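Student: Take this structure, written in structure tokens, and hold onto it; I'll ask about it next.
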Amino acid sequence: MSRITEWVPSVVDRRIRVIAWIYLAAQILLVGTGGLVRLTSSGLGCPTWPKCTADSLVNTPEMGIHGVIEFGNRLLGVALGLVAVLAFIAILRMRRERRDLFRLTLLAGLGIPAQAVIGGVSVLMQLNPYVVGVHFVISVALVALCTAFVYRVYTGNGPRARVVPRGFAILAHVTSLVVLITIMVGILTTGSGPHAGDANAPRNGLNSELLQHIHSWPAYLTFALTITLLVIAFRLNLPVQRMVGLLLVVELFQIAGGLLQSNLGLPPFLVGIHMVLACALAAAMTGVILYMKSPVDRLPGADNNREREAALRA
């Protein structure tokens with residue numbers, strides 16, 4: 001125990017930054033393996049929960065490759081839980097000075113067992129598409145939390161001021177809302193399509209072809225809004241321009257993948273990539289929102305109290 005106590009950092013250092021990046025990567029990776037479960041019809045590879053079968057905690061040879069894939073995804077969820085515990089322990093000694101990191105690791109950590117329970121409910125309900133959809137929504141929320149965790153370990157916890165014009169900030173928040181709508185409609189679209197996770201799993205009964213078209217509308221609106229943000233960011237030389245550029249790159253890949261999968265009959269590999277990119281999209285959008293503010297002590301010319309107060313009111 002004393003060795004663990006000695007290891008726990010008292011300030012944000014390289015160890016915490018590495019943990020933050022691993023945490024974010026693991027969250028997105030779990031979405032990828034969850035997609036693999038669904039796209040290989042392995043959603044009921046372990047037909048019950050929390051055990052894999054009524055008599056076995058792990059998959060058995062008789063369950064074949066579907067059991068291996070489903071149980072492997074569950075194991076990765078356990079590994080992610082261990083990363084969450086490690087991240088929480090790593091910031092315990094600074095929980096008073098860095099309450100932001102404490103709250104972020106606590107919320108993300110609590111989200112993981114919640115995800116496990118919802119995943120179990122989806123299995124017990126034979127992969128009900130709405131329960132599976134909630135499962136994905138929480139994954140996206142956890143990716144956003146981990147993105148904020150990465151951001152905070154690099155930028156500190158002091159007072160922050162907006163470093164972009166008010167109009168730009170409003171437009172960015174509107175874009176984030178459209179991104180959320182795009183993801184939600186995408187979840188409904190997937191719930192109506194052929195990749196249910198199991199041959200006998202129910203579908204939501206909505207018109208899949210119509211939903212594909214509806215899904216594209218907010219996606220293209222997001223793209224147009226992002227281009228507008230990027231033009232403004234470059235013209236005004238805003239510090240958020242790199243994050244907006246990253247957001248645009250993710251959207252280009254996402255749009256290209258969406259068009260390909262639609263025209264090629266929804267091949268599982270492309271659908272899986274589309275799911276992972278949806279989480280990358282959420283992470284990039286979260287980054288844009290976060291980088292619209294900067295610690296006051298890093299602002300040019302904010303060296304005295306009067307300038308600092310003025311920056312806070314900006």
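Labels for the structure tokens follow display order: chains A, B, ..., residues from 1 in each chain, ligands from 1.
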Skip Leu247 in chain A itself and residues of its chain fewer than 3 positions away, then list as a ChimeraX atom specification all residues within 9 Å of it, counting only C-alpha atoms.
Tutor: /A:226,242-244,250-252,280-285,287-288
Student: Please identify all polymer residues within 12 Å of Pro202 in chain A, counting only C-alpha atoms, omitting same-chain residues fewer than 3 positions from it, and present them as number ranges by chain.
Tutor: A: 122-123, 125-132, 191-199, 205-206
Student: Between A:Leu236, A:Cys279, A:Val249, A:Cys46, single out the one closest to Val164 in chain A, counting only C-alpha atoms.
Tutor: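 Of A:Leu236, A:Cys279, A:Val249, A:Cys46, the one nearest Val164 in chain A, counting only C-alpha atoms, is A:Leu236.
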Student: Taking 6 positions as the minimum chain separation for residues in the same chain, which residues sit within 8 Å of range 134-140 of chain A when counting only C-alpha atoms? Answer as a PyMOL selection string.
Tutor: chain A and resi 27+31+111+115+118-119+184+187+279+282
Student: List every residue of range 14-132 of chain A that DSSP, applied to the backbone of this structure, assigns to helix (DSSP H, G or I), and report them as a ChimeraX atom specification.
Tutor: /A:14-39,61-90,92-94,99-124,129-132
Student: List the spatial neighbours of Leu225 in chain A as a list of chain:residue names - criterion: any atom at most 9 Å away, only C-alpha atoms, same-chain residues fewer than 5 positions off excluded.
Tutor: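 Non-adjacent residues within range: A:Leu171, A:Ala172, A:Val174, A:Thr175, A:Tyr220, A:Leu230.
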Student: Interatomic distance between CA of Arg160 in chain A and CA of Phe234 in chain A?
Tutor: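 Those two atoms sit 22.2 Å apart.
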Student: Please determine, counting only C-alpha atoms, which residue among A:Thr33, A:Ser10, A:Ser294, A:Gln212 has the shortest atom-to-atom distance to Leu259 in chain A.
Tutor: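 The answer is A:Gln212, which sits nearest to Leu259 in chain A.
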Student: Under the rule that only C-alpha atoms are counted, which of A:Leu92, A:Leu270, A:Leu30, A:Ala148 is the nearest residue to Leu290 in chain A?
Tutor: A:Ala148
Student: Rank nothing, just name the residue among A:Val240, A:Leu36, A:Ala25, A:Ile89 nearest to Val8 in chain A, using only C-alpha atoms.
Tutor: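 The answer is A:Ile89, which sits nearest to Val8 in chain A.
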